[in-house]
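start-v3.cif follows; it contains mmCIF, C-alpha atoms.
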```cif
data_structure
loop_
_atom_site.group_PDB
_atom_site.id
_atom_site.type_symbol
_atom_site.label_atom_id
_atom_site.label_comp_id
_atom_site.auth_asym_id
_atom_site.auth_seq_id
_atom_site.Cartn_x
_atom_site.Cartn_y
_atom_site.Cartn_z
ATOM 1 C CA MET A 15 66.811 110.360 51.469
ATOM 2 C CA LYS A 16 68.225 106.864 51.321
ATOM 3 C CA GLY A 17 71.522 108.210 52.690
ATOM 4 C CA GLY A 18 69.634 109.936 55.514
ATOM 5 C CA LYS A 19 68.109 106.622 56.577
ATOM 6 C CA TYR A 20 71.520 105.054 56.924
ATOM 7 C CA VAL A 21 72.739 107.992 58.972
ATOM 8 C CA LEU A 22 69.788 107.659 61.365
ATOM 9 C CA VAL A 23 70.320 103.893 61.652
ATOM 10 C CA ALA A 24 74.045 104.425 62.282
ATOM 11 C CA LEU A 25 73.317 107.062 64.952
ATOM 12 C CA GLY A 26 70.789 104.756 66.605
ATOM 13 C CA LEU A 27 73.264 101.866 66.661
ATOM 14 C CA ALA A 28 75.957 104.145 68.040
ATOM 15 C CA MET A 29 73.662 105.237 70.856
ATOM 16 C CA VAL A 30 72.614 101.687 71.730
ATOM 17 C CA LEU A 31 76.202 100.459 71.741
ATOM 18 C CA SER A 32 77.543 103.422 73.730
ATOM 19 C CA LEU A 33 75.002 103.341 76.585
ATOM 20 C CA PRO A 34 76.659 100.440 78.413
ATOM 21 C CA LEU A 35 80.006 102.210 78.077
ATOM 22 C CA ILE A 36 78.567 105.456 79.444
ATOM 23 C CA GLY A 37 77.085 103.503 82.367
ATOM 24 C CA MET A 38 80.460 101.920 83.124
ATOM 25 C CA ALA A 39 82.191 105.280 82.925
ATOM 26 C CA LEU A 40 79.718 106.770 85.386
ATOM 27 C CA SER A 41 80.098 103.901 87.835
ATOM 28 C CA THR A 42 83.900 103.743 87.777
ATOM 29 C CA PRO A 43 84.532 106.461 90.425
ATOM 30 C CA LYS A 44 82.240 104.690 92.905
ATOM 31 C CA ALA A 45 84.149 101.456 92.385
ATOM 32 C CA ASP A 46 87.448 103.285 92.992
ATOM 33 C CA VAL A 47 86.195 104.808 96.257
ATOM 34 C CA TYR A 48 84.950 101.434 97.471
ATOM 35 C CA ALA A 49 88.245 99.749 96.586
ATOM 36 C CA HIS A 50 90.122 102.519 98.414
ATOM 37 C CA ALA A 51 88.027 101.984 101.545
ATOM 38 C CA LEU A 52 88.815 98.269 101.437
ATOM 39 C CA SER A 53 92.526 98.924 100.979
ATOM 40 C CA ARG A 54 92.864 100.893 104.236
ATOM 41 C CA GLY A 55 95.069 99.076 106.689
ATOM 42 C CA PRO A 56 94.259 97.922 110.201
ATOM 43 C CA LEU A 57 94.326 100.164 113.234
ATOM 44 C CA LYS A 58 97.705 100.331 114.976
ATOM 45 C CA VAL A 59 97.473 99.877 118.746
ATOM 46 C CA THR A 60 100.645 100.786 120.659
ATOM 47 C CA LEU A 61 101.150 99.916 124.317
ATOM 48 C CA LEU A 62 102.422 102.859 126.394
ATOM 49 C CA PRO A 63 104.181 103.027 129.801
ATOM 50 C CA PRO A 64 103.963 101.878 132.509
ATOM 51 C CA LEU A 65 102.827 98.477 131.167
ATOM 52 C CA ALA A 66 105.080 98.827 128.123
ATOM 53 C CA MET A 67 108.120 98.987 130.410
ATOM 54 C CA ARG A 68 107.520 96.011 132.716
ATOM 55 C CA THR A 69 105.606 92.762 133.122
ATOM 56 C CA GLU A 70 106.068 92.125 136.893
ATOM 57 C CA TRP A 71 103.424 93.621 139.218
ATOM 58 C CA TYR A 72 102.243 93.198 142.792
ATOM 59 C CA GLY A 73 99.093 91.124 143.200
ATOM 60 C CA GLY A 74 96.082 93.296 143.995
ATOM 61 C CA ALA A 75 97.587 96.341 142.268
ATOM 62 C CA VAL A 76 95.640 98.536 139.870
ATOM 63 C CA ILE A 77 97.557 98.644 136.594
ATOM 64 C CA PRO A 78 96.904 101.560 134.240
ATOM 65 C CA ILE A 79 96.838 100.147 130.721
ATOM 66 C CA ARG A 80 97.464 103.014 128.298
ATOM 67 C CA VAL A 81 97.459 102.675 124.529
ATOM 68 C CA SER A 82 97.713 104.880 121.478
ATOM 69 C CA VAL A 83 95.458 104.078 118.508
ATOM 70 C CA THR A 84 96.556 105.368 115.091
ATOM 71 C CA ASP A 85 96.151 104.514 111.435
ATOM 72 C CA HIS A 86 97.511 105.605 108.074
ATOM 73 C CA ASP A 87 94.932 108.392 107.688
ATOM 74 C CA GLU A 88 95.177 109.639 111.287
ATOM 75 C CA PRO A 89 98.844 109.266 112.354
ATOM 76 C CA ASN A 90 98.345 111.675 115.282
ATOM 77 C CA GLY A 91 95.648 109.530 116.883
ATOM 78 C CA THR A 92 92.367 107.872 116.015
ATOM 79 C CA SER A 93 89.309 109.011 117.920
ATOM 80 C CA GLY A 94 86.019 107.187 118.203
ATOM 81 C CA ALA A 95 87.480 103.685 118.394
ATOM 82 C CA ASN A 96 85.973 101.084 120.706
ATOM 83 C CA VAL A 97 88.951 99.770 122.692
ATOM 84 C CA THR A 98 88.383 96.823 125.033
ATOM 85 C CA VAL A 99 90.543 94.820 127.462
ATOM 86 C CA TRP A 100 90.282 91.040 127.911
ATOM 87 C CA VAL A 101 91.996 88.851 130.515
ATOM 88 C CA ASN A 102 92.046 85.071 129.963
ATOM 89 C CA GLY A 103 89.475 85.610 127.191
ATOM 90 C CA VAL A 104 86.994 87.237 129.604
ATOM 91 C CA ALA A 105 86.105 90.918 130.000
ATOM 92 C CA ALA A 106 88.685 92.565 132.274
ATOM 93 C CA ALA A 107 87.790 93.908 135.735
ATOM 94 C CA SER A 108 88.212 97.606 136.415
ATOM 95 C CA SER A 109 88.492 99.491 139.665
ATOM 96 C CA GLY A 110 86.173 102.377 140.441
ATOM 97 C CA ALA A 111 83.824 104.018 137.959
ATOM 98 C CA VAL A 112 86.418 105.269 135.448
ATOM 99 C CA ASN A 113 85.805 102.459 132.959
ATOM 100 C CA MET A 114 82.446 101.085 131.877
ATOM 101 C CA GLY A 115 82.743 97.296 131.721
ATOM 102 C CA ASN A 116 85.952 96.396 129.918
ATOM 103 C CA VAL A 117 85.941 99.463 127.632
ATOM 104 C CA MET A 118 88.920 101.809 127.721
ATOM 105 C CA LYS A 119 88.247 105.478 128.377
ATOM 106 C CA GLU A 120 89.128 107.796 125.487
ATOM 107 C CA MET A 121 91.534 110.461 126.752
ATOM 108 C CA GLY A 122 91.740 112.427 123.466
ATOM 109 C CA GLY A 123 94.351 112.517 120.733
ATOM 110 C CA GLY A 124 94.072 108.784 120.112
ATOM 111 C CA LEU A 125 95.006 107.913 123.721
ATOM 112 C CA TYR A 126 92.952 105.381 125.689
ATOM 113 C CA GLN A 127 93.266 104.125 129.290
ATOM 114 C CA PHE A 128 91.918 101.249 131.356
ATOM 115 C CA ASN A 129 92.590 100.755 135.085
ATOM 116 C CA LEU A 130 92.992 96.990 135.435
ATOM 117 C CA ASN A 131 92.080 95.656 138.878
ATOM 118 C CA THR A 132 94.336 92.624 139.518
ATOM 119 C CA LYS A 133 92.632 91.475 142.766
ATOM 120 C CA PRO A 134 90.533 88.780 141.011
ATOM 121 C CA TYR A 135 93.611 87.142 139.441
ATOM 122 C CA PRO A 136 96.049 84.650 141.042
ATOM 123 C CA ALA A 137 99.266 86.150 142.415
ATOM 124 C CA GLY A 138 102.413 84.980 144.122
ATOM 125 C CA PRO A 139 105.433 82.850 143.341
ATOM 126 C CA GLY A 140 104.649 80.109 140.841
ATOM 127 C CA SER A 141 101.349 81.641 139.707
ATOM 128 C CA GLU A 142 100.545 81.403 136.038
ATOM 129 C CA PRO A 143 101.134 84.490 133.845
ATOM 130 C CA ILE A 144 98.008 86.465 133.048
ATOM 131 C CA PRO A 145 97.300 86.951 129.323
ATOM 132 C CA ILE A 146 95.888 90.371 128.432
ATOM 133 C CA LYS A 147 94.415 91.225 125.045
ATOM 134 C CA VAL A 148 93.624 94.771 123.922
ATOM 135 C CA LEU A 149 91.346 95.084 120.897
ATOM 136 C CA ALA A 150 90.466 98.321 119.082
ATOM 137 C CA THR A 151 87.663 98.448 116.501
ATOM 138 C CA LYS A 152 86.069 101.098 114.338
ATOM 139 C CA ALA A 153 82.772 99.510 113.390
ATOM 140 C CA THR A 154 81.874 102.259 110.927
ATOM 141 C CA GLU A 155 84.948 101.346 108.877
ATOM 142 C CA ASP A 156 85.069 97.616 109.679
ATOM 143 C CA ARG A 157 88.713 97.866 110.812
ATOM 144 C CA ASN A 158 90.459 96.669 113.937
ATOM 145 C CA GLY A 159 93.817 96.132 115.566
ATOM 146 C CA GLY A 160 95.228 94.997 118.850
ATOM 147 C CA PHE A 161 97.896 93.096 120.726
ATOM 148 C CA ASP A 162 98.456 90.417 123.366
ATOM 149 C CA ILE A 163 100.757 90.648 126.397
ATOM 150 C CA GLU A 164 101.371 88.550 129.512
ATOM 151 C CA ILE A 165 102.047 89.852 133.025
ATOM 152 C CA HIS A 166 103.115 88.147 136.258
ATOM 153 C CA LEU A 167 101.616 89.059 139.622
ATOM 154 C CA ASN A 168 103.894 88.633 142.648
#
```

Could you quickly redo this structure as structure tokens?
Amino acid sequence: MKGGKYVLVALGLAMVLSLPLIGMALSTPKADVYAHALSRGPLKVTLLPPLAMRTEWYGGAVIPIRVSVTDHDEPNGTSGANVTVWVNGVAAASSGAVNMGNVMKEMGGGLYQFNLNTKPYPAGPGSEPIPIKVLATKATEDRNGGFDIEIHLN
């Protein structure tokens, strides 16, 4: 019976000492998934023609700004991103009712478009270049991407 006591004490100690290890083993996959989510790269925003091919435009023109939004997990196009256009740090002006505020319209397949109305901006020889910023965000994944470009209005 004395030997049986030692066996029970040893089993009890083994259980007490192994519980923290079992808890760590059960929590390890969650930590891996979380680390993987944090390791995802930023969104890639690519400027498409016609703005990708030139920077000189007529003052008062409507410039279609087209971009492609992709990432490592969705190389054929990221849907559901919030893509906005900013001019001089202020929400860009759009023509017509195609765009709501300064938000680009999602065209499908990771393509987005914004019709930039250039009438409110200075044009002509010697006018300052107009800085444009496009910013794409996916709030559900806390990721973003974007680019800056300057255009001249003649």

Seminar exercise, completed: Of A:Asn90, A:Ser109, A:Thr98, A:Thr132, the one nearest to Ile165 in chain A when counting all atoms listed in the file is A:Thr132

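Distances to Ile77 in chain A were evaluated for A:Gly159, A:Pro63, A:Gly140, A:Pro89 using only C-alpha atoms, and the minimum falls at A:Pro63.
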
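Applied to the file shown here, the PyMOL selection byres ((chain A and resi 66) around 12) selects Thr60, Leu61, Leu62, Pro63, Pro64, Leu65, Met67, Arg68, Thr69, Glu70, Ile77, Pro78, Ile79, Arg80, Val81, Ser82, Phe161, Asp162, Ile163, Glu164 and Ile165 of chain A.
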
For this session: Tell me, as a ChimeraX atom specification, which residues lie within 9 Å of Asn113 in chain A, counting only C-alpha atoms; anything in the same chain fewer than 6 positions away does not count.
Result: /A:119,127-129

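Our summary of the geometry notes that CA of Val148 in chain A is positioned 6.4 Å from CA of Trp100 in chain A.
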
For this session: Dig up all the protein and nucleic acid residues within 9 Å of (92.0, 97.5, 110.8) in the file frame, using only C-alpha atoms, and format them as a PyMOL selection string.
Result: chain A and resi 54-58+85+150-152+155-159

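The interatomic distance for the pair CA of Ala107 in chain A and CA of Tyr135 in chain A works out to 9.7 Å.
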
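For the pair CA of Met121 in chain A and CA of His86 in chain A, the interatomic distance is 20.2 Å.
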
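Candidate residues A:Asn102, A:Leu149, A:Pro143, A:Asn131 were compared for distance to Val117 in chain A, and the nearest is A:Leu149, using all atoms listed in the file.
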
Problem set entry | Using all atoms listed in the file: which of A:Leu167, A:Val59, A:Val97, A:Met118 has the shortest distance to Pro145 in chain A | A:Leu167

Tell me which protein, DNA and RNA residues are within 7 Å of Val101 in chain A, counting all atoms listed in the file, leaving out same-chain ones fewer than 3 positions away, and put them as a CSV table (one decimal) with C-alpha atoms, in the coordinates of the input.
```csv
chain,number,residue,atom,x,y,z
A,104,VAL,CA,87.0,87.2,129.6
A,105,ALA,CA,86.1,90.9,130.0
A,106,ALA,CA,88.7,92.6,132.3
A,144,ILE,CA,98.0,86.5,133.0
A,145,PRO,CA,97.3,87.0,129.3
A,146,ILE,CA,95.9,90.4,128.4
A,147,LYS,CA,94.4,91.2,125.0
```

I'd like the box whose edges run along x, y and z of the file and which contains every listed atom of range 105-115 of chain A, padded by 8 Å per side; could you state its centre and edge lengths in Å, one decimal, as lines of an AutoDock Vina configuration file?
```
center_x = 85.6
center_y = 98.1
center_z = 135.2
size_x = 22.2
size_y = 30.4
size_z = 26.4
```

Give me the residues within 10 Å of Asn168 in chain A as a PDB file with C-alpha atoms, in the coordinates of the input, counting only C-alpha atoms and dropping any in the same chain fewer than 2 places off.
```pdb
ATOM      1  CA  GLU A  70     106.068  92.125 136.893  1.00  0.00           C
ATOM      2  CA  TRP A  71     103.424  93.621 139.218  1.00  0.00           C
ATOM      3  CA  TYR A  72     102.243  93.198 142.792  1.00  0.00           C
ATOM      4  CA  GLY A  73      99.093  91.124 143.200  1.00  0.00           C
ATOM      5  CA  GLY A  74      96.082  93.296 143.995  1.00  0.00           C
ATOM      6  CA  ALA A  75      97.587  96.341 142.268  1.00  0.00           C
ATOM      7  CA  PRO A 136      96.049  84.650 141.042  1.00  0.00           C
ATOM      8  CA  ALA A 137      99.266  86.150 142.415  1.00  0.00           C
ATOM      9  CA  GLY A 138     102.413  84.980 144.122  1.00  0.00           C
ATOM     10  CA  PRO A 139     105.433  82.850 143.341  1.00  0.00           C
ATOM     11  CA  GLY A 140     104.649  80.109 140.841  1.00  0.00           C
ATOM     12  CA  SER A 141     101.349  81.641 139.707  1.00  0.00           C
ATOM     13  CA  ILE A 165     102.047  89.852 133.025  1.00  0.00           C
ATOM     14  CA  HIS A 166     103.115  88.147 136.258  1.00  0.00           C
TER      15      HIS A 166
END
```
